[in-house]
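With compact mmCIF, C-alpha atoms inside, this is start.txt:
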```txt
# COMPACT_ATOMS: atom_id res chain seq x y z
CA ARG A 1423 55.44 43.66 72.66
CA CYS A 1424 58.37 41.31 72.59
CA GLY A 1425 61.40 40.84 70.41
CA ALA A 1426 63.73 38.17 69.16
CA ARG A 1427 67.22 38.61 67.70
CA LEU A 1428 68.58 36.60 64.80
CA HIS A 1429 72.08 36.68 63.34
CA ILE A 1430 72.56 37.55 59.68
CA PRO A 1431 73.33 34.44 57.57
CA THR A 1432 76.74 32.79 57.70
CA ALA A 1433 77.85 34.25 54.36
CA ILE A 1434 77.58 37.81 55.70
CA GLU A 1435 79.46 36.82 58.89
CA ASP A 1436 82.28 35.41 56.76
CA VAL A 1437 82.56 38.76 54.97
CA LEU A 1438 82.87 40.52 58.32
CA GLY A 1439 85.78 38.22 59.20
CA TYR A 1440 84.64 37.13 62.63
CA ILE A 1441 87.12 34.62 64.06
CA ASP A 1442 86.87 33.00 67.48
CA PHE A 1443 90.35 32.70 68.90
CA ALA A 1444 91.05 30.11 71.60
CA GLU A 1445 92.78 31.06 74.81
CA GLY A 1446 96.55 31.38 74.38
CA ASP A 1447 99.42 30.52 76.71
CA LEU A 1448 98.39 33.33 79.02
CA GLY A 1449 95.06 31.65 79.51
CA GLY A 1450 92.34 34.29 79.56
CA THR A 1451 91.81 37.62 81.28
CA GLN A 1452 88.15 38.17 82.06
CA ILE A 1453 87.28 41.89 82.04
CA GLU A 1454 84.17 42.19 84.26
CA ASP A 1455 81.63 45.01 84.14
CA ARG A 1456 80.64 44.94 87.81
CA ALA A 1457 78.62 48.17 87.77
CA GLY A 1458 76.52 47.48 84.65
CA ARG A 1459 77.99 50.35 82.64
CA GLY A 1460 77.02 48.73 79.34
CA LEU A 1461 78.55 46.62 76.61
CA SER A 1462 79.80 49.62 74.64
CA LEU A 1463 81.98 50.80 77.52
CA LEU A 1464 83.14 47.22 78.11
CA ASP A 1465 84.24 47.03 74.47
CA GLN A 1466 86.00 50.40 74.72
CA VAL A 1467 87.96 49.34 77.79
CA THR A 1468 88.82 46.01 76.20
CA GLN A 1469 90.22 47.74 73.12
CA GLU A 1470 92.28 50.06 75.32
CA ILE A 1471 93.77 47.07 77.12
CA LEU A 1472 94.60 45.45 73.78
CA LEU A 1473 96.32 48.61 72.51
CA ALA A 1474 98.27 49.02 75.74
CA GLY A 1475 99.32 45.37 75.71
CA GLN A 1476 100.31 45.35 72.03
CA SER A 1477 102.68 48.24 72.69
CA GLN A 1478 104.70 45.98 75.02
CA SER A 1479 107.46 43.92 73.44
CA THR A 1480 107.04 41.10 75.97
CA LEU A 1481 103.47 40.29 74.85
CA THR A 1482 102.25 38.95 71.54
CA ALA A 1483 99.10 37.65 69.83
CA LEU A 1484 96.77 39.69 72.06
CA ASN A 1485 93.18 39.35 70.99
CA SER A 1486 89.63 39.45 72.31
CA THR A 1487 86.62 37.46 71.17
CA PHE A 1488 84.23 40.13 72.43
CA ARG A 1489 82.32 41.68 69.49
CA PRO A 1490 79.52 44.05 70.53
CA GLY A 1491 78.75 45.26 66.99
CA VAL A 1492 77.82 42.09 65.12
CA PRO A 1493 75.05 42.71 62.51
CA GLN A 1494 71.77 41.19 63.67
CA LEU A 1495 68.12 41.02 62.74
CA PHE A 1496 65.58 42.08 65.39
CA ILE A 1497 62.04 40.70 65.06
CA ASP A 1498 59.64 43.09 66.78
CA ILE A 1499 56.52 41.07 67.67
CA ASP A 1500 53.27 42.83 68.59
CA ARG A 1501 51.71 40.67 71.30
CA ARG A 1502 48.30 42.34 71.01
CA LYS A 1503 48.02 41.46 67.32
CA VAL A 1504 49.20 37.94 68.08
CA SER A 1505 46.43 37.58 70.66
CA SER A 1506 43.77 39.10 68.40
CA LEU A 1507 44.69 36.72 65.59
CA ASN A 1508 44.43 33.78 68.03
CA VAL A 1509 48.04 32.70 67.46
CA ALA A 1510 50.01 30.99 70.22
CA LEU A 1511 53.48 32.42 70.91
CA ASP A 1512 54.85 28.90 71.32
CA SER A 1513 53.73 28.09 67.76
CA LEU A 1514 55.34 31.29 66.48
CA PHE A 1515 58.68 30.62 68.08
CA ALA A 1516 58.59 26.95 67.03
CA THR A 1517 58.02 28.06 63.43
CA LEU A 1518 60.95 30.48 63.57
CA GLN A 1519 63.14 27.80 65.12
CA ALA A 1520 62.24 25.13 62.57
CA THR A 1521 62.49 27.43 59.56
CA LEU A 1522 65.55 29.55 60.31
CA GLY A 1523 67.37 27.09 62.52
CA SER A 1524 66.41 23.43 62.79
CA THR A 1525 64.14 21.19 64.85
CA TYR A 1526 64.80 17.60 65.87
CA VAL A 1527 62.01 15.20 64.86
CA ASN A 1528 63.11 11.61 65.48
CA ASP A 1529 65.68 8.92 64.59
CA PHE A 1530 65.63 6.11 62.05
CA ASN A 1531 67.86 3.12 61.32
CA LYS A 1532 69.43 2.61 57.91
CA PHE A 1533 72.33 0.42 56.85
CA GLY A 1534 73.07 -0.48 60.43
CA ARG A 1535 73.40 3.15 61.57
CA ILE A 1536 71.14 5.61 63.37
CA TYR A 1537 70.31 8.89 61.61
CA GLN A 1538 68.58 11.98 63.03
CA VAL A 1539 65.70 13.67 61.26
CA ARG A 1540 65.79 17.49 61.47
CA VAL A 1541 63.43 19.98 59.84
CA GLN A 1542 64.84 23.17 58.30
CA ALA A 1543 63.81 25.51 55.49
CA ASP A 1544 65.82 25.34 52.29
CA GLN A 1545 68.53 27.94 51.74
CA PRO A 1546 66.65 30.08 49.14
CA PHE A 1547 63.68 30.47 51.52
CA ARG A 1548 65.66 31.82 54.50
CA SER A 1549 68.43 33.95 52.94
CA GLN A 1550 66.74 37.38 53.08
CA PRO A 1551 65.13 39.29 55.98
CA SER A 1552 61.91 39.58 53.98
CA ASP A 1553 61.61 35.79 53.99
CA ILE A 1554 60.84 35.92 57.72
CA GLU A 1555 57.73 38.05 57.18
CA ARG A 1556 56.46 35.60 54.54
CA LEU A 1557 56.47 32.70 56.98
CA VAL A 1558 53.04 31.45 58.06
CA VAL A 1559 51.92 30.22 61.50
CA ARG A 1560 48.90 28.07 62.21
CA SER A 1561 46.47 29.76 64.64
CA ARG A 1562 44.40 27.99 67.28
CA ASP A 1563 41.38 27.85 64.92
CA GLY A 1564 43.41 26.25 62.12
CA LYS A 1565 44.01 29.29 59.92
CA MET A 1566 47.45 30.10 58.43
CA VAL A 1567 48.55 33.60 59.46
CA PRO A 1568 51.66 35.28 57.92
CA VAL A 1569 54.31 36.47 60.37
CA GLY A 1570 54.35 39.88 58.70
CA ALA A 1571 50.80 40.49 60.00
CA PHE A 1572 52.05 40.95 63.57
CA ALA A 1573 55.87 41.24 63.38
CA GLN A 1574 58.44 43.55 61.78
CA VAL A 1575 62.04 42.65 60.97
CA GLN A 1576 64.61 45.36 61.71
CA ARG A 1577 68.36 45.49 61.22
CA SER A 1578 70.42 46.18 64.33
CA PHE A 1579 73.82 45.61 65.91
CA GLY A 1580 74.68 43.77 69.11
CA PRO A 1581 77.01 41.20 70.67
CA GLN A 1582 77.03 37.77 69.14
CA VAL A 1583 77.55 36.18 72.58
CA ILE A 1584 77.25 37.85 75.98
CA ASN A 1585 79.68 36.09 78.28
CA ARG A 1586 79.26 36.24 82.03
CA TYR A 1587 81.92 35.57 84.61
CA ASN A 1588 81.04 35.66 88.30
CA LEU A 1589 77.54 36.67 87.08
CA PHE A 1590 78.95 39.89 85.51
CA PRO A 1591 79.10 40.70 81.78
CA SER A 1592 82.66 40.06 80.72
CA ALA A 1593 85.06 40.13 77.79
CA VAL A 1594 87.94 37.67 77.35
CA VAL A 1595 91.42 38.95 76.45
CA SER A 1596 93.90 36.22 75.46
CA GLY A 1597 97.51 36.31 74.38
CA GLU A 1598 100.95 34.75 74.58
CA PRO A 1599 104.33 35.78 75.98
CA ALA A 1600 106.96 36.84 73.47
CA PRO A 1601 109.79 34.36 72.72
CA GLY A 1602 112.25 34.24 75.61
CA VAL A 1603 109.77 35.76 78.10
CA SER A 1604 108.42 33.65 80.94
CA THR A 1605 104.69 33.37 81.49
CA GLY A 1606 105.11 34.79 84.98
CA ASP A 1607 106.61 38.03 83.64
CA ALA A 1608 103.88 38.23 80.99
CA LEU A 1609 101.14 37.79 83.59
CA ASP A 1610 102.68 40.47 85.78
CA LEU A 1611 102.75 42.88 82.85
CA MET A 1612 99.14 42.12 81.92
CA GLU A 1613 98.05 42.78 85.50
CA GLN A 1614 99.88 46.11 85.43
CA VAL A 1615 98.26 47.08 82.12
CA ALA A 1616 94.78 46.11 83.31
CA THR A 1617 95.23 48.01 86.59
CA ASN A 1618 96.25 51.18 84.76
CA VAL A 1619 93.46 51.04 82.16
CA LEU A 1620 90.41 49.68 83.97
CA PRO A 1621 88.02 52.15 85.60
CA ASP A 1622 86.76 51.69 89.15
CA SER A 1623 83.56 50.01 87.92
CA MET A 1624 85.44 47.13 86.24
CA GLU A 1625 87.76 44.39 87.44
CA PHE A 1626 89.71 41.56 85.85
CA GLU A 1627 90.08 37.88 86.73
CA TRP A 1628 92.42 35.18 85.43
CA THR A 1629 90.99 32.01 83.90
CA GLY A 1630 92.37 28.79 82.44
CA MET A 1631 96.10 28.09 82.68
CA ALA A 1632 96.81 31.63 83.80
CA TYR A 1633 94.57 31.17 86.83
CA GLN A 1634 96.25 27.88 87.71
CA GLU A 1635 99.70 29.43 87.38
CA ARG A 1636 98.74 32.38 89.56
CA LYS A 1637 97.25 30.01 92.13
CA THR A 1638 100.12 27.54 92.30
CA GLY A 1639 103.04 29.60 90.94
CA GLY A 1640 104.51 30.24 94.40
CA GLU A 1641 104.71 26.53 95.18
CA ALA A 1642 107.89 26.01 93.14
CA VAL A 1643 110.06 27.19 96.05
CA LEU A 1644 108.18 24.83 98.36
CA VAL A 1645 108.76 21.89 96.00
CA PHE A 1646 112.49 22.63 95.77
CA SER A 1647 112.75 22.97 99.53
CA LEU A 1648 110.95 19.70 100.15
CA ALA A 1649 113.22 17.92 97.66
CA VAL A 1650 116.35 19.20 99.40
CA ILE A 1651 114.95 18.35 102.85
CA LEU A 1652 114.10 14.83 101.69
CA VAL A 1653 117.64 14.29 100.41
CA TYR A 1654 119.06 15.66 103.66
CA PHE A 1655 117.07 13.31 105.90
CA VAL A 1656 117.91 10.28 103.75
CA LEU A 1657 121.62 11.13 103.93
CA ALA A 1658 121.42 11.84 107.66
CA ALA A 1659 120.01 8.37 108.21
CA GLN A 1660 122.65 6.82 105.94
CA TYR A 1661 125.67 8.55 107.51
CA GLU A 1662 124.20 8.65 111.04
CA SER A 1663 125.23 12.28 111.22
CA TRP A 1664 123.41 15.60 111.10
CA ALA A 1665 126.40 17.52 109.70
CA LEU A 1666 127.91 15.23 107.06
CA PRO A 1667 124.91 15.44 104.65
CA PHE A 1668 125.71 19.12 104.11
CA ALA A 1669 128.79 18.04 102.15
CA VAL A 1670 126.36 16.54 99.64
CA ILE A 1671 123.60 19.17 99.81
CA LEU A 1672 126.01 22.04 99.10
CA VAL A 1673 126.67 20.67 95.62
CA VAL A 1674 123.01 21.25 94.60
CA PRO A 1675 123.48 25.01 93.90
CA LEU A 1676 126.29 24.11 91.49
CA GLY A 1677 123.88 22.01 89.44
CA LEU A 1678 121.14 24.63 89.55
CA LEU A 1679 123.67 27.23 88.40
CA GLY A 1680 124.34 25.25 85.24
CA ALA A 1681 120.63 24.62 84.61
CA VAL A 1682 119.75 28.31 84.88
CA GLY A 1683 122.83 29.39 82.93
CA LEU A 1684 122.26 27.13 79.91
CA THR A 1685 118.54 27.93 79.86
CA SER A 1686 119.30 31.65 79.75
CA LEU A 1687 122.08 31.13 77.20
CA ARG A 1688 119.65 29.44 74.79
CA GLY A 1689 117.07 32.22 75.27
CA MET A 1690 114.46 30.00 76.94
CA ASP A 1691 112.09 30.99 79.69
CA ASN A 1692 111.70 29.45 83.13
CA ASN A 1693 108.63 27.25 82.66
CA ILE A 1694 107.22 24.17 84.33
CA TYR A 1695 109.39 21.85 82.23
CA SER A 1696 112.63 23.55 83.20
CA GLN A 1697 111.53 23.50 86.84
CA VAL A 1698 110.97 19.76 86.65
CA GLY A 1699 114.49 19.48 85.26
CA MET A 1700 115.84 21.47 88.20
CA VAL A 1701 114.16 19.11 90.65
CA LEU A 1702 115.81 16.23 88.77
CA ILE A 1703 119.18 17.97 89.03
CA ILE A 1704 118.89 17.94 92.83
CA ALA A 1705 119.02 14.13 92.75
CA LEU A 1706 121.60 13.83 89.97
CA ALA A 1707 124.03 16.31 91.55
CA SER A 1708 123.63 14.66 94.94
CA LYS A 1709 124.37 11.25 93.39
CA ASN A 1710 127.88 12.26 92.33
CA ALA A 1711 128.60 13.87 95.67
CA ILE A 1712 127.38 10.80 97.56
CA LEU A 1713 129.98 8.65 95.80
CA ILE A 1714 132.84 10.84 97.04
CA VAL A 1715 131.50 11.40 100.57
CA GLU A 1716 130.74 7.70 101.05
CA PHE A 1717 134.30 6.64 100.24
CA ALA A 1718 135.78 9.48 102.30
CA THR A 1719 133.70 8.43 105.30
CA ASP A 1720 134.89 4.83 105.02
CA LEU A 1721 138.51 5.98 104.84
CA ARG A 1722 138.01 8.15 107.93
CA ARG A 1723 136.68 5.16 109.85
CA SER A 1724 139.79 3.24 108.79
CA GLY A 1725 141.97 5.85 110.51
CA ALA A 1726 142.93 8.14 107.61
CA GLY A 1727 143.16 11.88 108.07
CA ILE A 1728 140.48 14.27 106.89
CA ARG A 1729 142.37 15.71 103.94
CA GLU A 1730 143.91 12.40 102.96
CA ALA A 1731 140.48 10.73 103.00
CA ALA A 1732 138.91 13.47 100.87
CA ILE A 1733 141.70 13.45 98.27
CA GLU A 1734 141.79 9.67 98.05
CA ALA A 1735 138.00 9.40 97.71
CA ALA A 1736 137.97 11.99 94.91
CA ARG A 1737 140.76 10.13 93.12
CA LEU A 1738 139.08 6.74 93.42
CA ARG A 1739 135.65 7.90 92.29
CA PHE A 1740 136.74 10.33 89.56
CA ARG A 1741 136.51 7.83 86.70
CA PRO A 1742 133.10 6.30 87.69
CA ILE A 1743 131.61 9.78 88.13
CA LEU A 1744 132.97 10.92 84.78
CA MET A 1745 131.75 7.82 82.93
CA THR A 1746 128.21 7.83 84.32
CA SER A 1747 127.83 11.59 83.92
CA LEU A 1748 129.05 11.60 80.32
CA ALA A 1749 126.70 8.73 79.48
CA PHE A 1750 123.78 10.66 80.97
CA ILE A 1751 124.77 13.92 79.24
CA LEU A 1752 124.97 12.20 75.84
CA GLY A 1753 121.60 10.59 76.48
CA VAL A 1754 120.01 13.97 77.24
CA LEU A 1755 121.32 15.65 74.06
CA PRO A 1756 118.43 14.42 71.83
CA LEU A 1757 115.98 15.77 74.39
CA ALA A 1758 117.69 19.17 74.52
CA PHE A 1759 117.63 19.54 70.72
CA ALA A 1760 114.27 17.88 70.02
CA ASN A 1761 112.04 18.75 67.07
CA GLY A 1762 108.45 18.03 66.17
CA ALA A 1763 105.36 17.78 68.34
CA GLY A 1764 105.99 18.79 71.94
CA ALA A 1765 109.51 19.95 71.12
CA ASN A 1766 109.31 23.12 73.25
CA GLY A 1767 108.67 21.19 76.44
CA GLN A 1768 111.31 18.60 75.62
CA ARG A 1769 113.92 21.24 74.86
CA SER A 1770 113.18 23.09 78.10
CA LEU A 1771 113.48 19.93 80.18
CA GLY A 1772 116.56 18.66 78.34
CA THR A 1773 118.36 22.01 78.47
CA ALA A 1774 117.90 22.35 82.23
CA VAL A 1775 119.11 18.80 82.90
CA LEU A 1776 122.02 19.12 80.45
CA GLY A 1777 123.35 22.35 81.93
CA GLY A 1778 122.93 21.12 85.48
CA MET A 1779 124.76 17.85 84.82
CA ILE A 1780 127.69 19.60 83.13
CA THR A 1781 128.36 21.96 86.05
CA ALA A 1782 127.57 19.31 88.66
CA THR A 1783 130.09 16.94 87.04
CA VAL A 1784 132.89 19.43 86.43
CA LEU A 1785 132.64 21.34 89.70
CA ALA A 1786 131.61 18.54 92.05
CA VAL A 1787 134.97 16.78 91.73
CA PHE A 1788 136.69 19.88 93.12
CA PHE A 1789 134.11 21.26 95.53
CA VAL A 1790 132.77 18.11 97.21
CA PRO A 1791 136.14 17.16 98.78
CA THR A 1792 136.45 20.74 99.99
CA PHE A 1793 132.97 20.62 101.52
CA PHE A 1794 133.83 17.31 103.20
CA VAL A 1795 137.06 18.66 104.69
CA VAL A 1796 135.38 21.80 106.05
CA ILE A 1797 132.38 20.03 107.57
CA GLU A 1798 134.36 17.09 108.94
CA SER A 1799 136.92 19.48 110.49
CA ILE A 1800 134.17 21.48 112.18
CA THR A 1801 132.50 18.32 113.46
CA SER A 1802 135.77 16.86 114.81
CA HIS A 1803 136.65 20.15 116.49
CA ARG A 1804 133.28 20.32 118.23
CA LEU A 1805 133.59 16.72 119.42
CA ARG A 1806 137.01 17.41 120.90
CA GLY A 1807 135.70 20.55 122.56
CA ARG A 1808 132.93 18.63 124.32
CA ARG A 1809 135.39 16.16 125.91
CA SER A 1810 135.98 16.85 129.64
CA PRO A 1811 139.59 17.61 130.78
CA THR A 1812 139.34 14.95 133.56
CA GLU A 1813 137.90 12.31 131.19
CA ARG A 1814 140.06 9.22 131.10
CA PRO A 1815 141.10 7.76 127.81
CA THR A 1816 138.99 4.80 126.83
CA ASN A 1817 142.04 2.65 125.93
CA VAL A 1818 143.72 2.88 129.41
CA PRO A 1819 142.70 -0.06 131.68
CA GLU A 1820 141.49 0.78 135.14
CA GLN A 1821 143.79 -0.15 138.08
CA ALA A 1822 142.52 -2.53 140.72
CA SER A 1823 141.54 -0.95 144.02
CA PRO A 1824 143.84 -1.83 147.01
CA SER A 1825 142.41 -4.33 149.45
CA ILE A 1826 142.69 -4.10 153.27
CA THR A 1827 143.00 -7.26 155.39
CA THR A 1828 142.40 -7.22 159.15
CA THR A 1829 143.65 -10.07 161.40
CA VAL A 1830 142.12 -10.61 164.76
```

Since I need it in another form, could you write the structure as structure tokens?
Amino acid sequence: RCGARLHIPTAIEDVLGYIDFAEGDLGGTQIEDRAGRGLSLLDQVTQEILLAGQSQSTLTALNSTFRPGVPQLFIDIDRRKVSSLNVALDSLFATLQATLGSTYVNDFNKFGRIYQVRVQADQPFRSQPSDIERLVVRSRDGKMVPVGAFAQVQRSFGPQVINRYNLFPSAVVSGEPAPGVSTGDALDLMEQVATNVLPDSMEFEWTGMAYQERKTGGEAVLVFSLAVILVYFVLAAQYESWALPFAVILVVPLGLLGAVGLTSLRGMDNNIYSQVGMVLIIALASKNAILIVEFATDLRRSGAGIREAAIEAARLRFRPILMTSLAFILGVLPLAFANGAGANGQRSLGTAVLGGMITATVLAVFFVPTFFVVIESITSHRLRGRRSPTERPTNVPEQASPSITTTV
């Protein structure tokens, strides 16, 4: 004996309200039945995870596409009767496929286009379970045999689709973080919920965007570090000094402070767009500091004192820094308050850049000269300390050695 399962017609499925949700911002959590405990237990555990997750205020729109109780029709085929009636199983299944589903026949050209020819029974002849038993199959000797002579149609329940992940039966749980909650915090909470609910025979795996975030989420610190290191080496080559670039690098936290502060003030989360804005702030904040340090270094080479050079450089470059920064801030305002398609990403990026530029502009004028004075004073003190006490000044000419003349 063998069996085949058919879904009840589309009209009945619409009454049941079956909706296939796509994966949300959390990606998907695959609940795996690794011990083969059965689909009923998998559904029970999935519902428990949904209830536990819905009770958390940081998660929203939790849902699962796993439906183990979808109404179905089970066709119980008696193989012995099929053999005694000289009917081929391939012909039986082809008849069921062509009548209840559809079968591709060929293509034809019409009006300059290609159309497919598919065979399917009309709606009135395939709307009831009893219509299946009235179907006829041609036997090997040419006779038409009704399907009801060797098959019975039974109503049953089962999953519409059995998903497998890592070769295990699985159920997908999708959702989104609540407004103002980062995806990282939402993923951490989902992992905690799944760990508390899942039995020992089941595990969970991340898929989609959630998997990518979990895999590469720790690389943000590496990206920031590489950006700062790159700026440091470029400045070290420009100033021909290993210490002076720190007067520029130390202004970066001031810009990041504004980016994080304005993002939190607007109730936004720390996403990939805001992180891109923070990387951009590293360059923009360093640009303003470079203008002051460059002029201060030139004044020092001209013989000015450390404090005098820092104050004069800040005074000379105050207006250019203010003009360029205000122009950039005004240009970022439409991005920070964007609307329409893709507005969330634009607002996140614009808010981070806007807040970072405001603090980098206001605070850099006061802090960069201070950083320059401190670092230049430490460097000058160390250079003086390395000089030997018996070292002659370089500006004192050497005296000629006395000559001795001998007369014979």

Residues near Val1754 in chain A, cut-off 9 Å, only C-alpha atoms, skip fewer than 3 positions along chain, as a ChimeraX atom specification: /A:1749-1751,1757-1759,1772-1773,1775-1776

| message | as a PyMOL selection string, please: the residues near Ala1593 in chain A (cut-off 12 Å, all atoms listed in the file, same-chain neighbours under 6 positions excluded). | response | chain A and resi 1450-1456+1460-1469+1471-1472+1485-1490+1581+1583-1587+1624-1629

Go ahead and save the picked residues with C-alpha atoms, as a PDB file, in the frame of the given file.
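That gives us again30.pdb:
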```pdb
ATOM      1  CA  GLY A1450      92.340  34.290  79.560  1.00  0.00           C
ATOM      2  CA  THR A1451      91.810  37.620  81.280  1.00  0.00           C
ATOM      3  CA  GLN A1452      88.150  38.170  82.060  1.00  0.00           C
ATOM      4  CA  ILE A1453      87.280  41.890  82.040  1.00  0.00           C
ATOM      5  CA  GLU A1454      84.170  42.190  84.260  1.00  0.00           C
ATOM      6  CA  ASP A1455      81.630  45.010  84.140  1.00  0.00           C
ATOM      7  CA  ARG A1456      80.640  44.940  87.810  1.00  0.00           C
ATOM      8  CA  GLY A1460      77.020  48.730  79.340  1.00  0.00           C
ATOM      9  CA  LEU A1461      78.550  46.620  76.610  1.00  0.00           C
ATOM     10  CA  SER A1462      79.800  49.620  74.640  1.00  0.00           C
ATOM     11  CA  LEU A1463      81.980  50.800  77.520  1.00  0.00           C
ATOM     12  CA  LEU A1464      83.140  47.220  78.110  1.00  0.00           C
ATOM     13  CA  ASP A1465      84.240  47.030  74.470  1.00  0.00           C
ATOM     14  CA  GLN A1466      86.000  50.400  74.720  1.00  0.00           C
ATOM     15  CA  VAL A1467      87.960  49.340  77.790  1.00  0.00           C
ATOM     16  CA  THR A1468      88.820  46.010  76.200  1.00  0.00           C
ATOM     17  CA  GLN A1469      90.220  47.740  73.120  1.00  0.00           C
ATOM     18  CA  ILE A1471      93.770  47.070  77.120  1.00  0.00           C
ATOM     19  CA  LEU A1472      94.600  45.450  73.780  1.00  0.00           C
ATOM     20  CA  ASN A1485      93.180  39.350  70.990  1.00  0.00           C
ATOM     21  CA  SER A1486      89.630  39.450  72.310  1.00  0.00           C
ATOM     22  CA  THR A1487      86.620  37.460  71.170  1.00  0.00           C
ATOM     23  CA  PHE A1488      84.230  40.130  72.430  1.00  0.00           C
ATOM     24  CA  ARG A1489      82.320  41.680  69.490  1.00  0.00           C
ATOM     25  CA  PRO A1490      79.520  44.050  70.530  1.00  0.00           C
ATOM     26  CA  PRO A1581      77.010  41.200  70.670  1.00  0.00           C
ATOM     27  CA  VAL A1583      77.550  36.180  72.580  1.00  0.00           C
ATOM     28  CA  ILE A1584      77.250  37.850  75.980  1.00  0.00           C
ATOM     29  CA  ASN A1585      79.680  36.090  78.280  1.00  0.00           C
ATOM     30  CA  ARG A1586      79.260  36.240  82.030  1.00  0.00           C
ATOM     31  CA  TYR A1587      81.920  35.570  84.610  1.00  0.00           C
ATOM     32  CA  MET A1624      85.440  47.130  86.240  1.00  0.00           C
ATOM     33  CA  GLU A1625      87.760  44.390  87.440  1.00  0.00           C
ATOM     34  CA  PHE A1626      89.710  41.560  85.850  1.00  0.00           C
ATOM     35  CA  GLU A1627      90.080  37.880  86.730  1.00  0.00           C
ATOM     36  CA  TRP A1628      92.420  35.180  85.430  1.00  0.00           C
ATOM     37  CA  THR A1629      90.990  32.010  83.900  1.00  0.00           C
TER      38      THR A1629
END
```

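Among the candidates A:Arg1739, A:Ser1604, A:Asp1720, A:Ala1649, the one nearest to Ile1694 in chain A when counting all atoms listed in the file is A:Ser1604.
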
(request) For Ser1696 in chain A, list every protein, DNA or RNA residue within 10 Å, evaluated using all atoms listed in the file, and leave out those in the same chain fewer than 6 positions away; present the list as number ranges by chain. (result) A: 1681-1682, 1685, 1690, 1702, 1767-1775

Go ahead and compute the interatomic distance for CA of Val1509 in chain A and CA of Thr1521 in chain A, in Å to one decimal.
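Going from CA of Val1509 in chain A over to CA of Thr1521 in chain A, I get 17.3 Å.
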
Computed gap from CA of Ala1520 in chain A to CA of Phe1496 in chain A is 17.5 Å

Select all residues near (60.2, 33.0, 58.2) (cut-off 9 Å, inclusive, file coordinates), counting only C-alpha atoms, and output them as a VMD selection string.
chain A and resid 1517 to 1518 1521 to 1522 1543 1547 to 1548 1551 to 1558 1568 to 1569

Pick from A:Ala1642, A:Leu1748, A:Leu1679, A:Phe1788: nearest to Ile1733 in chain A, with only C-alpha atoms counted?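 Of the candidates, the smallest distance to Ile1733 in chain A is held by A:Phe1788.
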
Shortest contact to Pro1742 in chain A, candidates A:Ile1714, A:Leu1648, A:Leu1721, A:Ala1760, atoms counted all atoms listed in the file, goes to A:Ile1714

What would the list of residues within 12 Å of (129.0, 8.8, 97.2) (file frame) look like as a ChimeraX atom specification, if only C-alpha atoms are what count?
-> /A:1657,1660-1661,1666-1667,1669-1671,1706-1720,1732,1735-1736,1738-1740,1742-1743,1786-1787,1790-1791,1794

Expected axis-aligned box over every listed atom of range 1492-1502 of chain A, 4 Å added per side, centre plus edges in Å to one decimal, as lines of an AutoDock Vina configuration file:
```
center_x = 63.1
center_y = 41.9
center_z = 66.9
size_x = 37.5
size_y = 10.4
size_z = 16.8
```

ask   = What gap, in Å, lies between CA of Asn1618 in chain A and CA of Gly1475 in chain A?
value =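 Rounded to one decimal, the two atoms are 11.2 Å apart.
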
Check your understanding: A:Leu1785, A:Ala1573, A:Ile1704, A:Val1559: which is nearest Asp1512 in chain A, counting all atoms listed in the file?
Key ->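 For Asp1512 in chain A, the nearest of the candidates is A:Val1559.
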
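Nearest residue to Leu1687 in chain A among A:Gly1491, A:Gly1777, A:Gly1580, A:Pro1591 is A:Gly1777, counting all atoms listed in the file.
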
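Candidate residues A:Leu1514, A:Ala1705, A:Val1527, A:Ala1571 were compared for distance to Ile1651 in chain A, and the nearest is A:Ala1705, using all atoms listed in the file.
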